[in-house]
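Raw data33.cif, mmCIF, C-alpha atoms and all ligand atoms:
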```
data_upload
#
loop_
_atom_site.label_atom_id
_atom_site.label_comp_id
_atom_site.auth_asym_id
_atom_site.auth_seq_id
_atom_site.Cartn_x
_atom_site.Cartn_y
_atom_site.Cartn_z
CA MET A 1 125.25 -2.02 116.53
CA THR A 2 128.72 -0.42 116.54
CA ARG A 3 128.74 2.50 114.13
CA SER A 4 130.60 1.98 110.84
CA TRP A 5 133.79 3.93 110.41
CA GLN A 6 133.28 7.39 108.95
CA PRO A 7 136.55 8.97 107.82
CA LYS A 8 136.86 12.72 108.28
CA ARG A 9 138.61 13.03 104.94
CA VAL A 10 139.09 10.98 101.82
CA LEU A 11 142.14 11.67 99.64
CA VAL A 12 141.98 10.32 96.11
CA THR A 13 145.10 10.25 93.96
CA LYS A 14 144.90 11.29 90.32
CA SER A 15 145.51 7.75 89.01
CA ALA A 16 143.00 6.23 91.44
CA ALA A 17 140.28 8.67 90.33
CA GLU A 18 140.80 7.53 86.73
CA LEU A 19 139.86 3.92 87.52
CA PRO A 20 136.23 2.71 87.70
CA HIS A 21 136.72 1.11 91.13
CA GLY A 22 138.36 4.28 92.42
CA ARG A 23 135.37 6.30 91.25
CA GLN A 24 133.01 3.80 92.90
CA ILE A 25 134.82 4.25 96.21
CA VAL A 26 134.43 8.02 95.90
CA GLU A 27 130.70 7.59 95.22
CA ARG A 28 130.32 5.31 98.23
CA CYS A 29 132.15 7.76 100.49
CA THR A 30 129.99 10.64 99.31
CA ALA A 31 126.84 8.55 99.79
CA ALA A 32 128.04 7.69 103.32
CA GLY A 33 128.11 11.40 104.09
CA VAL A 34 131.85 12.13 104.00
CA GLU A 35 132.03 15.84 103.22
CA ASP A 36 135.77 16.25 102.74
CA VAL A 37 136.59 14.24 99.61
CA GLN A 38 139.72 15.65 97.95
CA LEU A 39 140.62 14.73 94.38
CA LEU A 40 144.37 15.27 94.29
CA ARG A 41 146.20 16.68 91.27
CA SER A 42 148.96 14.07 91.47
CA ASP A 43 149.63 10.63 92.94
CA ARG A 44 151.41 11.99 96.00
CA LEU A 45 149.53 12.08 99.27
CA PRO A 46 149.98 15.26 101.29
CA SER A 47 151.87 15.05 104.58
CA LEU A 48 149.77 13.74 107.43
CA SER A 49 152.03 14.92 110.20
CA GLY A 50 150.36 16.65 113.12
CA ALA A 51 151.96 18.64 115.94
CA ASP A 52 153.05 15.47 117.75
CA GLU A 53 152.78 11.71 117.45
CA ARG A 54 149.28 11.59 118.95
CA ALA A 55 148.01 14.26 116.56
CA THR A 56 149.59 12.48 113.59
CA TYR A 57 147.97 9.23 114.71
CA ALA A 58 144.53 10.87 115.04
CA LEU A 59 144.83 12.51 111.63
CA ALA A 60 145.94 9.30 109.92
CA LYS A 61 143.29 7.13 111.58
CA SER A 62 140.54 9.44 110.37
CA THR A 63 141.78 9.50 106.77
CA LEU A 64 141.01 7.14 103.91
CA ALA A 65 143.32 7.37 100.92
CA VAL A 66 142.24 5.89 97.62
CA VAL A 67 145.40 4.95 95.75
CA VAL A 68 146.73 2.63 93.04
CA ALA A 69 148.74 -0.27 94.48
CA PRO A 70 152.18 -0.29 92.86
CA PRO A 71 153.56 -3.54 91.35
CA SER A 72 155.60 -4.26 94.51
CA LYS A 73 152.40 -4.36 96.59
CA ARG A 74 150.56 -6.44 94.01
CA LYS A 75 153.09 -9.26 94.03
CA LEU A 76 151.46 -12.11 95.92
CA GLN A 77 153.59 -13.43 98.81
CA PRO A 78 153.40 -16.74 100.71
CA ILE A 79 151.74 -16.27 104.08
CA PRO A 80 152.19 -19.32 106.33
CA PRO A 81 150.55 -20.64 108.45
CA SER A 82 147.32 -19.02 107.25
CA ALA A 83 147.30 -19.41 103.49
CA ASP A 84 149.27 -20.09 100.34
CA TRP A 85 149.22 -16.47 99.22
CA ARG A 86 148.49 -13.05 100.52
CA VAL A 87 146.34 -10.75 98.39
CA ASP A 88 145.96 -7.17 99.61
CA LEU A 89 142.80 -5.20 98.79
CA ALA A 90 143.86 -2.35 101.10
CA GLU A 91 146.51 -1.45 103.64
CA GLY A 92 145.82 -0.06 107.11
CA CYS A 93 142.80 -0.19 109.37
CA PRO A 94 140.65 2.42 111.10
CA ALA A 95 140.37 0.56 114.44
CA HIS A 96 142.49 1.22 117.54
CA CYS A 97 143.70 -2.10 118.93
CA GLN A 98 146.45 -1.45 121.42
CA TYR A 99 148.29 -4.59 120.33
CA CYS A 100 147.71 -3.96 116.60
CA TYR A 101 149.67 -6.46 114.56
CA LEU A 102 150.16 -3.86 111.82
CA ALA A 103 152.28 -1.67 114.11
CA GLY A 104 155.85 -1.99 113.03
CA SER A 105 155.05 -3.54 109.67
CA LEU A 106 153.56 -0.47 107.97
CA GLY A 107 155.74 2.55 107.36
CA GLY A 108 154.65 6.09 108.31
CA PRO A 109 151.41 7.31 109.90
CA PRO A 110 148.68 4.62 110.13
CA ILE A 111 146.50 5.86 107.29
CA THR A 112 144.10 3.44 105.58
CA ARG A 113 144.78 3.04 101.87
CA ALA A 114 142.12 1.41 99.69
CA TYR A 115 143.38 0.15 96.35
CA ALA A 116 141.58 1.38 93.27
CA ASN A 117 143.21 -1.10 90.85
CA LEU A 118 141.28 -4.06 92.22
CA ASP A 119 141.04 -5.74 88.80
CA GLU A 120 144.78 -5.71 88.44
CA ILE A 121 145.25 -7.05 91.98
CA LEU A 122 142.79 -9.91 91.53
CA GLY A 123 144.20 -10.51 88.05
CA ALA A 124 147.29 -12.02 89.69
CA VAL A 125 145.28 -14.83 91.29
CA PRO A 126 144.96 -17.34 88.39
CA GLN A 127 148.71 -17.66 87.85
CA HIS A 128 149.12 -18.76 91.48
CA VAL A 129 146.34 -21.35 91.52
CA GLY A 130 147.78 -24.83 92.14
CA ALA A 131 150.97 -23.41 93.68
CA GLY A 132 151.78 -22.74 97.31
CA GLY A 133 152.99 -24.68 100.32
CA VAL A 134 150.40 -24.10 103.05
CA THR A 135 147.17 -25.63 101.75
CA SER A 136 147.73 -26.52 98.06
CA GLY A 137 148.52 -30.20 97.72
CA THR A 138 148.84 -30.84 101.47
CA ASP A 139 147.21 -33.78 103.24
CA ALA A 140 145.76 -31.70 106.05
CA ARG A 141 144.38 -28.74 104.14
CA GLY A 142 144.57 -29.64 100.42
CA HIS A 143 140.75 -29.78 100.23
CA GLU A 144 140.69 -26.00 100.81
CA GLY A 145 142.32 -25.53 97.39
CA THR A 146 144.80 -22.74 96.81
CA THR A 147 144.17 -20.19 99.52
CA PHE A 148 144.41 -16.41 99.32
CA GLU A 149 144.47 -14.36 102.52
CA ALA A 150 142.99 -10.85 102.25
CA SER A 151 143.47 -9.58 105.80
CA CYS A 152 147.23 -9.47 106.31
CA TYR A 153 147.49 -5.71 106.12
CA THR A 154 143.96 -4.55 106.73
CA ASP A 155 140.58 -5.51 108.14
CA PRO A 156 138.68 -5.68 104.85
CA LEU A 157 135.21 -5.77 106.44
CA GLY A 158 135.90 -2.65 108.53
CA ILE A 159 136.11 -0.53 105.36
CA GLU A 160 133.80 -2.53 103.10
CA HIS A 161 130.91 -0.03 103.35
CA LEU A 162 133.26 2.54 101.76
CA THR A 163 135.13 0.36 99.26
CA GLY A 164 132.99 -2.59 98.12
CA SER A 165 136.31 -4.34 97.38
CA LEU A 166 135.62 -7.38 99.55
CA SER A 167 132.25 -8.01 97.89
CA SER A 168 133.91 -7.83 94.46
CA ALA A 169 136.62 -10.27 95.53
CA ILE A 170 134.10 -12.72 97.07
CA THR A 171 132.00 -12.58 93.90
CA ARG A 172 135.06 -13.08 91.69
CA PHE A 173 136.21 -16.11 93.68
CA GLY A 174 132.67 -17.47 93.78
CA THR A 175 131.79 -17.14 90.09
CA ALA A 176 134.93 -16.97 87.94
CA ASP A 177 136.92 -19.93 86.66
CA LEU A 178 140.28 -19.18 88.22
CA GLY A 179 141.91 -22.37 86.96
CA GLY A 180 141.38 -24.72 89.91
CA PRO A 181 139.98 -25.01 93.42
CA VAL A 182 140.46 -21.74 95.33
CA GLN A 183 139.51 -20.15 98.60
CA LEU A 184 139.54 -16.52 99.61
CA ARG A 185 140.03 -16.00 103.34
CA PHE A 186 139.76 -13.00 105.56
CA THR A 187 139.55 -12.31 109.25
CA THR A 188 137.74 -9.43 110.91
CA LYS A 189 136.83 -7.68 114.13
CA PHE A 190 133.84 -6.04 112.52
CA ALA A 191 130.28 -7.29 112.15
CA ASP A 192 128.47 -5.46 109.34
CA VAL A 193 128.09 -8.56 107.17
CA GLU A 194 124.74 -7.57 105.66
CA PRO A 195 126.21 -6.71 102.21
CA LEU A 196 127.99 -10.09 102.04
CA LEU A 197 125.09 -12.37 102.90
CA GLY A 198 123.50 -12.54 99.45
CA LEU A 199 126.68 -12.68 97.36
CA PRO A 200 127.32 -15.66 95.04
CA HIS A 201 130.22 -16.86 97.22
CA ASN A 202 129.80 -20.51 96.23
CA GLY A 203 131.46 -21.62 99.45
CA ARG A 204 134.80 -20.29 98.22
CA THR A 205 135.33 -17.62 100.89
CA ARG A 206 136.04 -18.43 104.51
CA VAL A 207 135.35 -15.60 106.95
CA ARG A 208 137.01 -15.89 110.33
CA PHE A 209 136.00 -13.69 113.20
CA SER A 210 138.78 -12.51 115.43
CA VAL A 211 137.58 -13.25 118.95
CA ASN A 212 139.08 -13.00 122.39
CA ALA A 213 138.64 -13.07 126.15
CA ALA A 214 136.66 -10.17 127.68
CA SER A 215 139.81 -8.74 129.29
CA VAL A 216 141.58 -8.61 125.92
CA GLU A 217 138.57 -7.13 124.09
CA ARG A 218 139.14 -4.01 126.20
CA PHE A 219 142.26 -3.33 124.13
CA GLU A 220 140.25 -3.35 120.87
CA GLY A 221 139.01 0.20 120.35
CA GLY A 222 136.83 1.06 117.36
CA THR A 223 135.86 -2.55 116.59
CA ALA A 224 132.50 -4.35 116.86
CA ARG A 225 131.71 -5.81 120.29
CA MET A 226 132.22 -9.54 120.76
CA GLY A 227 128.50 -10.34 120.81
CA GLU A 228 128.08 -8.54 117.48
CA ARG A 229 130.96 -10.51 115.96
CA LEU A 230 129.39 -13.77 117.10
CA ASP A 231 125.98 -12.77 115.70
CA ALA A 232 127.73 -11.97 112.43
CA LEU A 233 129.49 -15.34 112.50
CA ARG A 234 126.13 -17.06 112.82
CA ARG A 235 124.60 -15.03 109.99
CA MET A 236 127.51 -15.79 107.66
CA ALA A 237 127.37 -19.50 108.52
CA LEU A 238 123.61 -19.55 107.85
CA ALA A 239 124.31 -17.87 104.49
CA GLY A 240 126.43 -20.92 103.64
CA TYR A 241 129.89 -19.44 104.10
CA PRO A 242 132.63 -21.57 105.61
CA VAL A 243 133.44 -19.74 108.84
CA GLY A 244 136.16 -19.74 111.46
CA LEU A 245 137.63 -18.30 114.60
CA THR A 246 140.88 -16.44 114.78
CA ILE A 247 141.50 -16.54 118.52
CA ALA A 248 144.15 -13.87 118.69
CA PRO A 249 146.12 -12.58 120.35
CA ILE A 250 145.82 -15.14 123.13
CA MET A 251 147.05 -13.68 126.43
CA PRO A 252 147.29 -15.35 129.85
CA VAL A 253 145.36 -12.52 131.51
CA GLU A 254 144.05 -12.99 135.05
CA GLY A 255 141.26 -15.56 134.96
CA TRP A 256 142.13 -16.55 131.38
CA ARG A 257 140.76 -20.08 131.65
CA GLU A 258 137.32 -18.87 132.73
CA GLU A 259 137.29 -16.04 130.20
CA TYR A 260 138.33 -18.18 127.24
CA ALA A 261 135.93 -20.94 128.34
CA ALA A 262 133.10 -18.36 128.33
CA LEU A 263 134.18 -17.26 124.86
CA LEU A 264 134.16 -20.81 123.46
CA ASP A 265 130.75 -21.45 125.04
CA ALA A 266 129.44 -18.28 123.41
CA VAL A 267 130.75 -19.51 120.04
CA ALA A 268 129.06 -22.89 120.61
CA ALA A 269 125.77 -21.08 121.29
CA ALA A 270 126.22 -18.85 118.22
CA THR A 271 126.83 -21.80 115.91
CA ALA A 272 124.22 -24.17 117.38
CA GLY A 273 121.86 -25.65 114.81
CA VAL A 274 123.60 -24.21 111.73
CA PRO A 275 123.06 -26.77 108.95
CA GLY A 276 126.32 -28.05 107.42
CA LEU A 277 128.46 -25.89 109.69
CA ASP A 278 132.09 -25.66 108.48
CA LEU A 279 134.02 -24.08 111.37
CA THR A 280 137.79 -23.78 111.79
CA ALA A 281 139.97 -22.44 114.59
CA GLU A 282 143.29 -20.62 114.27
CA LEU A 283 145.10 -19.87 117.51
CA ILE A 284 147.72 -17.15 117.76
CA THR A 285 149.47 -16.11 120.97
CA HIS A 286 150.49 -12.55 121.67
CA ARG A 287 153.93 -11.45 120.57
CA PHE A 288 155.69 -8.17 119.94
CA THR A 289 158.89 -6.97 118.30
CA PRO A 290 161.15 -4.12 119.43
CA LYS A 291 159.74 -2.06 116.57
CA SER A 292 156.06 -2.84 117.19
CA LYS A 293 156.46 -2.06 120.90
CA ASP A 294 158.04 1.25 120.09
CA VAL A 295 155.30 2.18 117.59
CA LEU A 296 152.48 1.03 119.90
CA LEU A 297 153.83 3.00 122.85
CA GLY A 298 153.90 6.07 120.59
CA TRP A 299 150.27 5.50 119.62
CA TYR A 300 148.99 4.37 123.04
CA PRO A 301 151.36 5.82 125.64
CA ARG A 302 149.10 4.89 128.58
CA THR A 303 148.38 1.35 127.49
CA LYS A 304 148.14 -1.39 130.13
CA LEU A 305 149.13 -4.00 127.57
CA GLU A 306 151.93 -6.21 128.88
CA MET A 307 154.99 -5.84 126.62
CA ASP A 308 157.71 -6.73 129.13
CA GLU A 309 160.77 -8.37 127.56
CA ASP A 310 161.68 -9.91 130.94
CA LEU A 311 158.48 -11.95 130.92
CA ARG A 312 159.10 -13.22 127.40
CA ARG A 313 161.27 -15.56 125.42
CA GLN A 314 163.10 -14.33 122.33
CA LYS A 315 162.33 -16.05 119.08
CA ARG A 316 164.21 -15.32 115.88
CA GLY A 317 162.36 -15.17 112.58
CA LYS A 318 163.59 -16.36 109.20
CA PHE A 319 165.69 -13.26 108.63
CA GLY A 320 166.97 -13.00 112.21
CA ALA A 321 164.33 -10.52 113.41
CA VAL A 322 163.56 -10.80 117.13
CA LYS A 323 160.05 -11.54 118.40
CA HIS A 324 159.13 -11.62 122.07
CA VAL A 325 156.82 -14.58 122.68
CA TYR A 326 155.68 -16.28 125.90
CA PRO A 327 158.15 -18.65 127.55
CA ALA A 328 157.80 -22.36 126.75
CA PRO A 329 156.00 -23.36 130.00
CA VAL A 330 153.35 -20.63 129.47
CA MET A 331 152.96 -21.61 125.82
CA ASN A 332 152.56 -25.28 126.73
CA GLU A 333 150.00 -24.54 129.39
CA LEU A 334 147.97 -22.35 127.05
CA ARG A 335 148.18 -24.77 124.16
CA THR A 336 147.23 -27.83 126.21
CA TRP A 337 144.29 -25.98 127.71
CA PHE A 338 143.03 -24.71 124.33
CA GLU A 339 143.32 -28.09 122.62
CA GLU A 340 141.30 -29.74 125.36
CA ALA A 341 138.79 -26.89 125.59
CA LEU A 342 138.21 -26.88 121.83
CA ASP A 343 137.68 -30.64 121.88
CA SER A 344 135.17 -30.53 124.66
CA ARG A 345 133.39 -27.22 124.05
CA LEU A 346 133.53 -26.92 120.25
CA PRO A 347 133.92 -30.48 118.98
CA ASP A 348 132.81 -29.48 115.47
CA ALA A 349 135.64 -26.96 115.03
CA ARG A 350 138.63 -28.03 112.93
CA PHE A 351 141.85 -26.84 114.54
CA LEU A 352 144.17 -25.41 111.86
CA TYR A 353 147.26 -24.16 113.68
CA TRP A 354 148.77 -22.80 116.88
CA THR A 355 151.48 -20.19 116.86
FE1 LIG B 1 145.04 -3.61 113.94
FE2 LIG B 1 143.33 -5.60 113.33
FE3 LIG B 1 142.79 -3.94 115.33
FE4 LIG B 1 142.70 -3.07 112.82
S1 LIG B 1 141.34 -4.60 113.76
S2 LIG B 1 143.62 -1.98 114.57
S3 LIG B 1 144.37 -4.25 111.89
S4 LIG B 1 144.53 -5.40 115.20
#
```

Represent the structure of the file as structure tokens.
Ligand code: SF4
Amino acid sequence: MTRSWQPKRVLVTKSAAELPHGRQIVERCTAAGVEDVQLLRSDRLPSLSGADERATYALAKSTLAVVVAPPSKRKLQPIPPSADWRVDLAEGCPAHCQYCYLAGSLGGPPITRAYANLDEILGAVPQHVGAGGVTSGTDARGHEGTTFEASCYTDPLGIEHLTGSLSSAITRFGTADLGGPVQLRFTTKFADVEPLLGLPHNGRTRVRFSVNAASVERFEGGTARMGERLDALRRMALAGYPVGLTIAPIMPVEGWREEYAALLDAVAAATAGVPGLDLTAELITHRFTPKSKDVLLGWYPRTKLEMDEDLRRQKRGKFGAVKHVYPAPVMNELRTWFEEALDSRLPDARFLYWT
């Protein structure tokens, strides 16, 4: 089993240490054997700059900060095409994926911040139930209820052994009356699901495992191996959770058809014989922005990841921001192949979206 993340240092702000959940995180970190737990005298984190970009990266990636999420971070935002709303339990991730989708969207060194004011964060959920444009009230996905995505800015399972936040959220969604049908969703590249198996989830949390071709998995440092993720998928499904695949980022690497076919066959084997299996598939192709490329090349200067603008098509987002996606013929080829392969190899999977 891939070893759980062990931060070298935990920094706890004054306000975070005053909250029960903040104190619980400190206790968990101490129990996990973290020796350097610093209770700060204020709410300011010390500078995490090292001698150069690599040193700053290493320092940040080995640090967990326990902080109070400010009101701006607690405001739930729409998050199409995944879910009606985004709810953040933390920000940042200890893994080292060379294509990390957080690069360019988080400011400063890539430190992981766990939020101590979990009650306040989850307290915003009821006023959003029944609202939203992705699943709520739609023909295709209305049966999912109002959906809340917890993995936009973190991998919540990767830090769960230190925070317990995901278990609290799953239990809250599973047992509280939040004012209507709801679903918590998260996606992960980790596999330590043991603490989640016995929770009273009531079928109201969908866990999706982020899976990929073997050649792409090589870019995913510090995560659980693919076989471990698929074992975890099976265990969660057997524990009655709705489950899913986030196949992302899809890349037309050499031999991609064979590699993705092998992946889908491995998923079919991992889900065989699960009673009442509820399996979805979300398909996301690789893309990068000028900013994410710049940040990723700073973090991983020797990466072999293809980020060549000449091989890409420019797509403009809602606010005019440029994304480099695959050209239309490549996209069409990938999409056609995946739709057929899902149909034939994983006929029980419900396809949610392609992007
Ligand atoms: Fe980034 Fe996700 Fe990899 Fe973490 S697991 S480094 S958030 S891509």

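The list of residues with at least one atom within 9 Å of stretch 190-194 of chain A, based on all atoms listed in the file and without residues fewer than 2 positions apart in the same chain, reads Met1, Thr2, Ser4, Asp155, Leu157, Gly158, Glu160, His161, Thr188, Leu196, Leu197, Gly198, Phe209, Ser210, Thr223, Ala224, Arg225, Glu228, Arg229, Leu230, Asp231, Ala232, Leu233, Arg235 and Met236 of chain A.
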
Centre and edge lengths, as AutoDock Vina command-line options, for the axis-aligned box enclosing every listed atom of ligand LIG 1 (chain B) with 6 Å of padding on each of the six sides, in Å to one decimal?
```
--center_x 143.2 --center_y -3.8 --center_z 113.6 --size_x 15.7 --size_y 15.6 --size_z 15.4
```

Residues of chain A that approach ligand LIG 1 (chain B) to 6 Å or less, counting all atoms listed in the file: could you list each one with the shortest pair of atoms and its distance in Å to one decimal, rows by chain and increasing residue number, as CSV?
```
residue,atom,partner,partner_atom,distance
A:Cys93,CA,B:LIG1,FE4,4.5
A:Ala95,CA,B:LIG1,S2,4.1
A:His96,CA,B:LIG1,S2,4.5
A:Cys97,CA,B:LIG1,FE3,4.1
A:Cys100,CA,B:LIG1,S4,3.8
A:Tyr101,CA,B:LIG1,S4,5.3
A:Leu102,CA,B:LIG1,FE1,5.5
A:Thr154,CA,B:LIG1,S3,5.2
A:Asp155,CA,B:LIG1,S3,5.5
A:Lys189,CA,B:LIG1,S1,5.5
```

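Among the candidate residues A:Leu264, A:Ala269, A:Leu162, A:Leu277, the one lying nearest to A:Gly203 is A:Leu277, with distances computed using all atoms listed in the file.
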
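Atom CA of A:Lys73 to atom CA of A:Asp88 spans 7.6 Å [interatomic distance, one decimal].
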
From atom CA of A:Lys14 to atom CA of A:Thr171 the spacing works out at 27.4 Å

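Look at everything within 12 Å of (151.3, 10.9, 113.6) using all atoms listed in the file, and the residues you get are Ser47, Leu48, Ser49, Gly50, Ala51, Asp52, Glu53, Arg54, Ala55, Thr56, Tyr57, Ala58, Leu59, Ala60, Lys61, Ser62, Thr63, Gly107, Gly108, Pro109, Pro110, Ile111, Val295, Leu296, Gly298, Trp299 and Tyr300 of chain A.
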
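Of the residues under consideration (A:Asp43, A:Glu309, A:Asp348, A:Asp294), A:Asp348 shows the shortest atom-to-atom contact distance to A:Gly244 when counting only C-alpha atoms.
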
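In this structure, atom CA of A:Glu254 sits 20.4 Å away from atom CA of A:Gly221.
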
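Within 9 Å of the point (136.0, -7.3, 101.7), counting only C-alpha atoms, the protein and nucleic acid residues come to Leu89, Ala150, Ser151, Asp155, Pro156, Leu157, Gly158, Ile159, Glu160, Thr163, Gly164, Ser165, Leu166, Ser167, Ser168, Ala169, Ile170, Phe186 and Leu196 of chain A.
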
Report as a PDB file with C-alpha atoms, keeping the file's coordinate frame all protein, DNA and RNA residues lying within 10 Å of A:Glu120, evaluated on only C-alpha atoms, omitting residues in the same chain fewer than 5 positions from it.
```
ATOM      1  CA  VAL A  68     146.730   2.630  93.040  1.00  0.00           C
ATOM      2  CA  ALA A  69     148.740  -0.270  94.480  1.00  0.00           C
ATOM      3  CA  PRO A  71     153.560  -3.540  91.350  1.00  0.00           C
ATOM      4  CA  ARG A  74     150.560  -6.440  94.010  1.00  0.00           C
ATOM      5  CA  TYR A 115     143.380   0.150  96.350  1.00  0.00           C
ATOM      6  CA  VAL A 125     145.280 -14.830  91.290  1.00  0.00           C
TER       7      VAL A 125
END
```

Excluding A:Val37 and any residue of its chain fewer than 5 positions from it, enumerate the residues within 12 Å of it, using only C-alpha atoms, and give them as a PDB file with C-alpha atoms, in the frame of the given file.
```pdb
ATOM      1  CA  PRO A   7     136.550   8.970 107.820  1.00  0.00           C
ATOM      2  CA  LYS A   8     136.860  12.720 108.280  1.00  0.00           C
ATOM      3  CA  ARG A   9     138.610  13.030 104.940  1.00  0.00           C
ATOM      4  CA  VAL A  10     139.090  10.980 101.820  1.00  0.00           C
ATOM      5  CA  LEU A  11     142.140  11.670  99.640  1.00  0.00           C
ATOM      6  CA  VAL A  12     141.980  10.320  96.110  1.00  0.00           C
ATOM      7  CA  THR A  13     145.100  10.250  93.960  1.00  0.00           C
ATOM      8  CA  ALA A  17     140.280   8.670  90.330  1.00  0.00           C
ATOM      9  CA  ARG A  23     135.370   6.300  91.250  1.00  0.00           C
ATOM     10  CA  ILE A  25     134.820   4.250  96.210  1.00  0.00           C
ATOM     11  CA  VAL A  26     134.430   8.020  95.900  1.00  0.00           C
ATOM     12  CA  GLU A  27     130.700   7.590  95.220  1.00  0.00           C
ATOM     13  CA  ARG A  28     130.320   5.310  98.230  1.00  0.00           C
ATOM     14  CA  CYS A  29     132.150   7.760 100.490  1.00  0.00           C
ATOM     15  CA  THR A  30     129.990  10.640  99.310  1.00  0.00           C
ATOM     16  CA  ALA A  31     126.840   8.550  99.790  1.00  0.00           C
ATOM     17  CA  ALA A  32     128.040   7.690 103.320  1.00  0.00           C
ATOM     18  CA  THR A  63     141.780   9.500 106.770  1.00  0.00           C
ATOM     19  CA  LEU A  64     141.010   7.140 103.910  1.00  0.00           C
ATOM     20  CA  ALA A  65     143.320   7.370 100.920  1.00  0.00           C
ATOM     21  CA  VAL A  66     142.240   5.890  97.620  1.00  0.00           C
TER      22      VAL A  66
END
```

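Counting all atoms listed in the file and comparing A:Val253, A:Ala328, A:Ala341, A:Val267, the residue that lies closest to A:Arg218 is A:Val253.
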
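Of the listed residues (A:Gly180, A:Gly104, A:Gly174, A:Pro70), A:Gly180 comes nearest to A:Ser136; the distances count all atoms listed in the file.
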
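If all atoms listed in the file are the atoms counted, then among A:Gly33, A:Pro249, A:Gly130, A:Pro81 the closest residue to A:Tyr326 is A:Pro249.
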